[in-house]
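upload03.cif, holding mmCIF, C-alpha atoms:
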```cif
data_input
#
loop_
_atom_site.label_atom_id
_atom_site.label_comp_id
_atom_site.auth_asym_id
_atom_site.auth_seq_id
_atom_site.Cartn_x
_atom_site.Cartn_y
_atom_site.Cartn_z
CA MET B 1 -31.22 -31.61 -21.58
CA GLU B 2 -30.89 -27.98 -22.73
CA GLU B 3 -27.11 -28.12 -22.49
CA VAL B 4 -27.00 -31.44 -24.34
CA ILE B 5 -28.81 -29.96 -27.34
CA GLY B 6 -26.56 -26.90 -27.28
CA ASN B 7 -29.05 -24.48 -25.76
CA VAL B 8 -26.63 -22.90 -23.28
CA ALA B 9 -28.86 -19.89 -22.61
CA GLY B 10 -31.79 -22.19 -21.86
CA ALA B 11 -29.67 -24.28 -19.49
CA ARG B 12 -28.57 -21.12 -17.72
CA GLN B 13 -32.19 -20.04 -17.21
CA ILE B 14 -33.01 -23.40 -15.66
CA TYR B 15 -30.05 -23.08 -13.28
CA GLU B 16 -31.21 -19.58 -12.35
CA ARG B 17 -34.69 -20.81 -11.50
CA TRP B 18 -33.15 -23.57 -9.44
CA MET B 19 -31.00 -21.11 -7.49
CA ASN B 20 -34.11 -19.12 -6.58
CA TRP B 21 -35.09 -22.07 -4.41
CA MET B 22 -31.90 -21.65 -2.35
CA PRO B 23 -30.68 -25.21 -2.99
CA ASP B 24 -27.82 -27.03 -1.26
CA GLN B 25 -24.15 -26.25 -1.85
CA GLN B 26 -23.69 -28.91 -4.51
CA ALA B 27 -26.32 -27.27 -6.71
CA TRP B 28 -24.49 -23.94 -6.58
CA LEU B 29 -21.19 -25.64 -7.34
CA SER B 30 -22.77 -27.37 -10.33
CA PHE B 31 -23.93 -24.00 -11.66
CA ILE B 32 -20.43 -22.56 -11.20
CA LYS B 33 -18.91 -25.56 -12.95
CA PHE B 34 -21.37 -25.07 -15.81
CA GLU B 35 -20.27 -21.46 -16.32
CA LEU B 36 -16.58 -22.31 -16.09
CA HIS B 37 -17.07 -25.01 -18.71
CA TYR B 38 -17.89 -22.17 -21.11
CA ASN B 39 -15.09 -19.96 -19.76
CA GLU B 40 -17.60 -17.57 -18.20
CA VAL B 41 -15.35 -16.55 -15.31
CA GLU B 42 -17.24 -13.35 -14.51
CA ARG B 43 -20.54 -15.20 -14.38
CA ALA B 44 -18.96 -17.84 -12.13
CA ARG B 45 -17.65 -15.09 -9.85
CA ALA B 46 -21.12 -13.56 -9.58
CA ILE B 47 -22.55 -16.97 -8.68
CA PHE B 48 -19.89 -17.43 -6.01
CA GLU B 49 -21.01 -14.11 -4.49
CA ARG B 50 -24.56 -15.41 -4.27
CA PHE B 51 -23.34 -18.80 -3.09
CA VAL B 52 -21.58 -17.44 0.02
CA GLN B 53 -24.64 -15.34 0.82
CA CYS B 54 -26.91 -18.36 0.56
CA HIS B 55 -24.49 -20.64 2.42
CA PRO B 56 -22.42 -18.47 4.78
CA LYS B 57 -20.09 -21.27 5.75
CA VAL B 58 -16.31 -21.23 6.15
CA GLY B 59 -15.94 -23.93 3.51
CA ALA B 60 -17.92 -21.89 0.98
CA TRP B 61 -15.72 -18.82 1.47
CA ILE B 62 -12.55 -20.91 1.15
CA ARG B 63 -13.84 -22.38 -2.12
CA TYR B 64 -14.50 -18.87 -3.39
CA ALA B 65 -10.98 -17.69 -2.47
CA LYS B 66 -9.40 -20.76 -4.08
CA PHE B 67 -11.41 -20.09 -7.24
CA GLU B 68 -9.89 -16.60 -7.44
CA MET B 69 -6.41 -17.92 -6.74
CA LYS B 70 -6.76 -20.58 -9.43
CA ASN B 71 -7.59 -17.83 -11.90
CA GLY B 72 -4.50 -15.86 -10.89
CA GLU B 73 -6.50 -13.19 -9.07
CA VAL B 74 -4.34 -12.86 -5.96
CA ALA B 75 -5.78 -9.51 -4.88
CA ARG B 76 -9.35 -10.78 -5.31
CA ALA B 77 -8.53 -13.95 -3.37
CA ARG B 78 -7.10 -11.90 -0.50
CA ASN B 79 -10.20 -9.71 -0.52
CA VAL B 80 -12.41 -12.80 -0.27
CA TYR B 81 -10.43 -14.06 2.72
CA GLU B 82 -10.58 -10.65 4.39
CA ARG B 83 -14.34 -10.43 3.93
CA ALA B 84 -14.69 -13.97 5.21
CA VAL B 85 -12.78 -13.08 8.37
CA GLU B 86 -15.09 -10.12 8.96
CA ILE B 87 -18.19 -12.26 8.53
CA MET B 88 -17.07 -15.66 9.82
CA GLY B 89 -14.35 -14.66 12.28
CA ASP B 90 -16.39 -15.80 15.28
CA ASP B 91 -17.72 -18.97 13.67
CA GLU B 92 -17.01 -22.32 15.30
CA GLU B 93 -15.02 -23.31 12.20
CA ALA B 94 -13.04 -20.06 12.13
CA GLU B 95 -9.74 -21.85 12.71
CA GLN B 96 -10.12 -23.59 9.34
CA LEU B 97 -10.56 -20.19 7.72
CA PHE B 98 -7.52 -18.68 9.42
CA VAL B 99 -5.37 -21.69 8.51
CA ALA B 100 -6.41 -21.39 4.86
CA PHE B 101 -5.74 -17.63 4.92
CA VAL B 102 -2.28 -18.12 6.46
CA GLU B 103 -1.40 -20.80 3.90
CA PHE B 104 -2.56 -18.48 1.12
CA GLU B 105 -0.28 -15.67 2.34
CA GLU B 106 2.62 -18.09 2.73
CA ARG B 107 2.16 -19.32 -0.85
CA CYS B 108 2.21 -15.68 -1.94
CA LYS B 109 5.48 -15.23 0.03
CA GLU B 110 3.73 -12.63 2.20
CA SER B 111 5.19 -13.68 5.53
CA ASP B 112 4.27 -10.40 7.23
CA GLY B 113 0.67 -10.90 6.16
CA ALA B 114 0.71 -14.47 7.46
CA ARG B 115 2.13 -13.28 10.78
CA ARG B 116 -0.60 -10.63 11.12
CA ILE B 117 -3.27 -13.27 10.55
CA TYR B 118 -1.69 -15.55 13.14
CA LYS B 119 -1.67 -12.78 15.71
CA PHE B 120 -5.17 -11.59 14.88
CA ALA B 121 -6.58 -15.09 15.30
CA LEU B 122 -4.69 -15.73 18.52
CA ASP B 123 -5.76 -12.37 19.95
CA HIS B 124 -9.44 -12.64 19.04
CA LEU B 125 -10.31 -16.30 19.47
CA PRO B 126 -10.19 -18.57 22.53
CA LYS B 127 -7.05 -20.69 22.56
CA ARG B 128 -9.07 -23.91 22.61
CA ARG B 129 -10.53 -22.99 19.20
CA VAL B 130 -7.20 -22.28 17.50
CA GLU B 131 -4.97 -25.00 18.90
CA ASP B 132 -3.46 -26.05 15.56
CA LEU B 133 -2.86 -22.46 14.54
CA TYR B 134 -1.28 -21.73 17.92
CA LYS B 135 1.08 -24.71 17.68
CA LYS B 136 2.14 -23.73 14.18
CA PHE B 137 2.81 -20.12 15.15
CA VAL B 138 4.66 -20.97 18.37
CA GLY B 139 6.81 -23.52 16.55
CA LEU B 140 7.78 -20.92 13.98
CA GLU B 141 8.70 -18.32 16.58
CA LYS B 142 10.63 -20.79 18.75
CA ILE B 143 12.88 -21.77 15.86
CA ARG B 144 13.64 -18.11 15.22
CA GLU B 145 14.37 -17.60 18.90
CA VAL B 146 16.89 -20.46 18.85
CA TYR B 147 18.69 -18.99 15.85
CA GLU B 148 18.70 -15.50 17.36
CA ARG B 149 20.27 -16.81 20.56
CA ALA B 150 22.89 -18.72 18.59
CA ILE B 151 24.01 -15.81 16.41
CA ALA B 152 24.14 -13.53 19.46
CA ASN B 153 27.23 -15.47 20.58
CA VAL B 154 29.69 -13.63 18.35
CA PRO B 155 33.22 -15.09 18.46
CA PRO B 156 35.28 -12.92 20.83
CA VAL B 157 38.38 -13.00 18.62
CA PRO B 158 38.49 -11.97 14.93
CA GLU B 159 40.24 -15.15 13.82
CA LYS B 160 38.89 -17.15 10.94
CA ARG B 161 39.06 -20.53 12.68
CA TYR B 162 36.64 -19.28 15.33
CA TRP B 163 34.26 -17.81 12.77
CA GLN B 164 33.91 -20.74 10.37
CA ARG B 165 31.30 -22.61 12.41
CA TYR B 166 29.65 -19.35 13.46
CA ILE B 167 29.06 -18.34 9.83
CA TYR B 168 27.16 -21.57 9.24
CA LEU B 169 24.67 -20.56 11.93
CA TRP B 170 23.84 -17.51 9.83
CA ILE B 171 23.66 -19.58 6.66
CA ASN B 172 21.27 -22.09 8.22
CA TYR B 173 19.17 -19.25 9.63
CA ALA B 174 18.88 -17.58 6.22
CA LEU B 175 17.99 -20.86 4.51
CA TYR B 176 15.37 -21.57 7.16
CA GLU B 177 13.71 -18.20 6.58
CA GLU B 178 13.72 -18.65 2.82
CA LEU B 179 12.84 -22.32 2.42
CA ASP B 180 10.85 -23.21 5.54
CA ALA B 181 9.28 -19.99 6.79
CA GLY B 182 8.96 -18.48 3.32
CA ASP B 183 9.94 -15.09 4.72
CA MET B 184 12.05 -13.53 1.99
CA GLU B 185 12.55 -10.20 3.71
CA ARG B 186 13.80 -11.89 6.87
CA ALA B 187 16.12 -14.08 4.81
CA ARG B 188 17.50 -10.98 3.09
CA ASP B 189 17.99 -9.29 6.47
CA VAL B 190 19.86 -12.31 7.82
CA TYR B 191 22.30 -12.28 4.90
CA ARG B 192 22.72 -8.51 5.20
CA GLU B 193 23.40 -8.60 8.94
CA CYS B 194 25.87 -11.44 8.58
CA LEU B 195 27.82 -9.62 5.89
CA GLN B 196 27.86 -6.44 7.96
CA LEU B 197 29.08 -8.30 11.03
CA THR B 198 31.89 -10.26 9.38
CA PRO B 199 35.30 -8.52 9.82
CA HIS B 200 36.19 -8.51 6.11
CA LYS B 201 39.42 -6.59 6.67
CA LYS B 202 40.70 -9.55 8.68
CA PHE B 203 39.14 -12.36 6.65
CA SER B 204 36.02 -13.15 4.70
CA PHE B 205 34.00 -16.10 3.41
CA ALA B 206 33.23 -16.48 -0.27
CA LYS B 207 30.40 -18.87 0.59
CA ILE B 208 28.23 -16.31 2.37
CA TRP B 209 28.68 -13.76 -0.43
CA LEU B 210 27.71 -16.34 -3.05
CA LEU B 211 24.71 -17.57 -1.08
CA ALA B 212 23.46 -14.02 -0.58
CA ALA B 213 23.82 -13.32 -4.30
CA GLY B 214 22.15 -16.63 -5.17
CA PHE B 215 19.23 -15.73 -2.94
CA GLU B 216 18.70 -12.46 -4.81
CA ILE B 217 18.84 -14.27 -8.14
CA ARG B 218 16.10 -16.64 -6.94
CA GLN B 219 14.05 -13.55 -6.08
CA LEU B 220 14.67 -12.31 -9.65
CA ASN B 221 16.57 -9.37 -8.19
CA LEU B 222 19.52 -9.36 -10.58
CA GLU B 223 20.66 -5.87 -9.64
CA GLY B 224 20.69 -6.87 -5.99
CA ALA B 225 22.86 -9.89 -6.81
CA ARG B 226 25.25 -7.72 -8.83
CA LYS B 227 25.53 -5.26 -5.98
CA ILE B 228 26.41 -8.04 -3.54
CA LEU B 229 29.00 -9.56 -5.86
CA GLY B 230 30.46 -6.14 -6.64
CA THR B 231 30.80 -5.39 -2.94
CA ALA B 232 32.32 -8.83 -2.42
CA ILE B 233 34.98 -8.14 -5.05
CA GLY B 234 35.80 -4.88 -3.31
CA LYS B 235 36.01 -6.37 0.18
CA SER B 236 36.95 -9.98 -0.50
CA PRO B 237 38.32 -10.43 -4.04
CA LYS B 238 38.35 -14.21 -4.06
CA ASP B 239 38.56 -16.22 -7.26
CA LYS B 240 35.31 -18.05 -6.55
CA ILE B 241 33.47 -14.74 -6.45
CA PHE B 242 34.97 -13.57 -9.75
CA LYS B 243 34.14 -16.94 -11.29
CA LYS B 244 30.49 -16.84 -10.17
CA TYR B 245 30.01 -13.23 -11.24
CA ILE B 246 31.48 -13.99 -14.68
CA GLU B 247 29.28 -17.08 -14.97
CA ILE B 248 26.14 -15.05 -14.26
CA GLU B 249 26.98 -12.35 -16.78
CA LEU B 250 28.02 -14.94 -19.37
CA ASN B 251 24.66 -16.69 -19.06
CA LEU B 252 22.97 -13.33 -19.59
CA GLY B 253 25.08 -12.62 -22.66
CA ASN B 254 26.75 -9.58 -21.08
CA PHE B 255 30.15 -10.16 -22.66
CA ASP B 256 31.49 -6.67 -21.92
CA ARG B 257 30.91 -7.21 -18.21
CA CYS B 258 32.58 -10.62 -18.44
CA ARG B 259 35.59 -9.06 -20.14
CA LYS B 260 35.94 -6.39 -17.45
CA LEU B 261 35.63 -8.96 -14.68
CA ASN B 262 38.23 -11.20 -16.30
CA VAL B 263 40.62 -8.27 -16.64
CA GLY B 264 40.04 -7.33 -13.01
CA ASP B 265 40.74 -10.88 -11.88
CA ALA B 266 43.89 -11.06 -13.99
CA LEU B 267 45.20 -7.77 -12.61
CA ARG B 268 44.52 -8.93 -9.08
CA ASN B 269 46.44 -12.15 -9.63
CA GLN B 270 49.28 -10.23 -11.28
CA LYS B 271 49.50 -7.93 -8.28
CA ALA B 272 49.50 -10.90 -5.93
CA TYR B 273 52.30 -12.50 -7.96
CA CYS B 274 54.42 -9.34 -7.87
CA GLU B 275 53.97 -9.00 -4.12
CA ALA B 276 54.59 -12.66 -3.32
CA GLY B 277 57.28 -13.40 -5.89
CA PRO B 278 58.28 -17.04 -6.33
CA SER B 279 56.15 -18.08 -3.36
CA PHE B 280 52.94 -17.16 -5.20
CA ARG B 281 50.65 -20.08 -5.91
CA ALA B 282 47.86 -20.26 -8.46
CA PRO B 283 44.42 -19.48 -7.02
CA SER B 284 42.41 -22.39 -5.71
CA TYR B 285 38.64 -22.64 -5.44
CA SER B 286 38.33 -23.72 -1.84
CA SER B 287 35.01 -23.79 0.00
CA ASP B 288 35.67 -20.74 2.16
#
```
Mind turning this structure into structure tokens?
Amino acid sequence: MEEVIGNVAGARQIYERWMNWMPDQQAWLSFIKFELHYNEVERARAIFERFVQCHPKVGAWIRYAKFEMKNGEVARARNVYERAVEIMGDDEEAEQLFVAFVEFEERCKESDGARRIYKFALDHLPKRRVEDLYKKFVGLEKIREVYERAIANVPPVPEKRYWQRYIYLWINYALYEELDAGDMERARDVYRECLQLTPHKKFSFAKIWLLAAGFEIRQLNLEGARKILGTAIGKSPKDKIFKKYIEIELNLGNFDRCRKLNVGDALRNQKAYCEAGPSFRAPSYSSD
């Protein structure tokens, strides 16, 4: 009634009196919804604090953390999860809490944090109580183990025909880490190790250079992408690499960089023509 007639302060007082009776969860959530309706985020946060004290349940803590995440408060959300683990870590429903915490860290692209939570839960709780978490963690680690075994079989001869299929193992591994596991640092390490391992003086693959640069662009690391493409031009000056680098700089409006790259590509082709003579063929944009 008070809210209907516009008496927000009066409605708030009624809610406060109601909360003194330690009502059920739905009553607390109604109070929180009331405050959020008037954009009173700080008041809602204070009510959540009282809510989890009144109803120390895993579900209540998860609601609190999701509230913080919805408001863009990543650090606050993580703090809520951490406090919940301290208080509810031995609860019968603890697995639900750990799963929510892991999913939160994965959404934040904090794969190391997610892995620490996995290990903490598996070390501190009986296996029967964390079966789903255990299966998820083991599945993740087994896939990595398969990839690690595969890339350990380095081709014995530095000939391109032997390396073409091998390179795709690295590519699939990097894409798995980025897109499935959400582990950006691992994905970056996979690309880096692959590029270090490839015998560029014998041959190289434009595809892996471009994928590594594309990964950095998706991480909004433009300087990292430039460094990769610059190194690629030095070690493997393929036309596809020049073309991609020019395209990136053109989209950014860096015309001076584009001009320098075009000149560099032209000089390289001129040198190739002089060395090859009549047998020189125009560059092609093959998939290697």
Practice task
Given the file shown, enumerate the residues that the PyMOL selection byres ((chain B and resi 156-171) around 9) captures and present them as a PyMOL selection string.
Solution key: chain B and resi 147+150-151+153-155+172-176+190-191+193-194+198-199+202-205+208+211+288
How would the residues just picked look written out with C-alpha atoms as a PDB file, in the coordinates of the input?
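Writing the result to result_19.pdb gives the following:
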```
ATOM      1  CA  TYR B 147      18.690 -18.990  15.850  1.00  0.00           C
ATOM      2  CA  ALA B 150      22.890 -18.720  18.590  1.00  0.00           C
ATOM      3  CA  ILE B 151      24.010 -15.810  16.410  1.00  0.00           C
ATOM      4  CA  ASN B 153      27.230 -15.470  20.580  1.00  0.00           C
ATOM      5  CA  VAL B 154      29.690 -13.630  18.350  1.00  0.00           C
ATOM      6  CA  PRO B 155      33.220 -15.090  18.460  1.00  0.00           C
ATOM      7  CA  ASN B 172      21.270 -22.090   8.220  1.00  0.00           C
ATOM      8  CA  TYR B 173      19.170 -19.250   9.630  1.00  0.00           C
ATOM      9  CA  ALA B 174      18.880 -17.580   6.220  1.00  0.00           C
ATOM     10  CA  LEU B 175      17.990 -20.860   4.510  1.00  0.00           C
ATOM     11  CA  TYR B 176      15.370 -21.570   7.160  1.00  0.00           C
ATOM     12  CA  VAL B 190      19.860 -12.310   7.820  1.00  0.00           C
ATOM     13  CA  TYR B 191      22.300 -12.280   4.900  1.00  0.00           C
ATOM     14  CA  GLU B 193      23.400  -8.600   8.940  1.00  0.00           C
ATOM     15  CA  CYS B 194      25.870 -11.440   8.580  1.00  0.00           C
ATOM     16  CA  THR B 198      31.890 -10.260   9.380  1.00  0.00           C
ATOM     17  CA  PRO B 199      35.300  -8.520   9.820  1.00  0.00           C
ATOM     18  CA  LYS B 202      40.700  -9.550   8.680  1.00  0.00           C
ATOM     19  CA  PHE B 203      39.140 -12.360   6.650  1.00  0.00           C
ATOM     20  CA  SER B 204      36.020 -13.150   4.700  1.00  0.00           C
ATOM     21  CA  PHE B 205      34.000 -16.100   3.410  1.00  0.00           C
ATOM     22  CA  ILE B 208      28.230 -16.310   2.370  1.00  0.00           C
ATOM     23  CA  LEU B 211      24.710 -17.570  -1.080  1.00  0.00           C
ATOM     24  CA  ASP B 288      35.670 -20.740   2.160  1.00  0.00           C
TER      25      ASP B 288
END
```
Practice task
Kindly resolve the PyMOL selection byres ((chain B and resi 225) around 10) on the present coordinates and return the residues as a VMD selection string.
Solution key: chain B and resid 209 to 224 226 to 231 245 248
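The two atoms in question, CA of Asn71 in chain B and CA of Arg45 in chain B, are spaced 10.6 Å apart.
Taking CA of Phe31 in chain B as the reference point, CA of Gly89 in chain B is found at 27.4 Å.
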Practice task
Write out as a PyMOL selection string the residues lying within 10 Å of Ser111 in chain B, counting all atoms listed in the file and excluding same-chain residues fewer than 3 positions away.
Solution key: chain B and resi 102-103+105-108+114-117+177+181-186
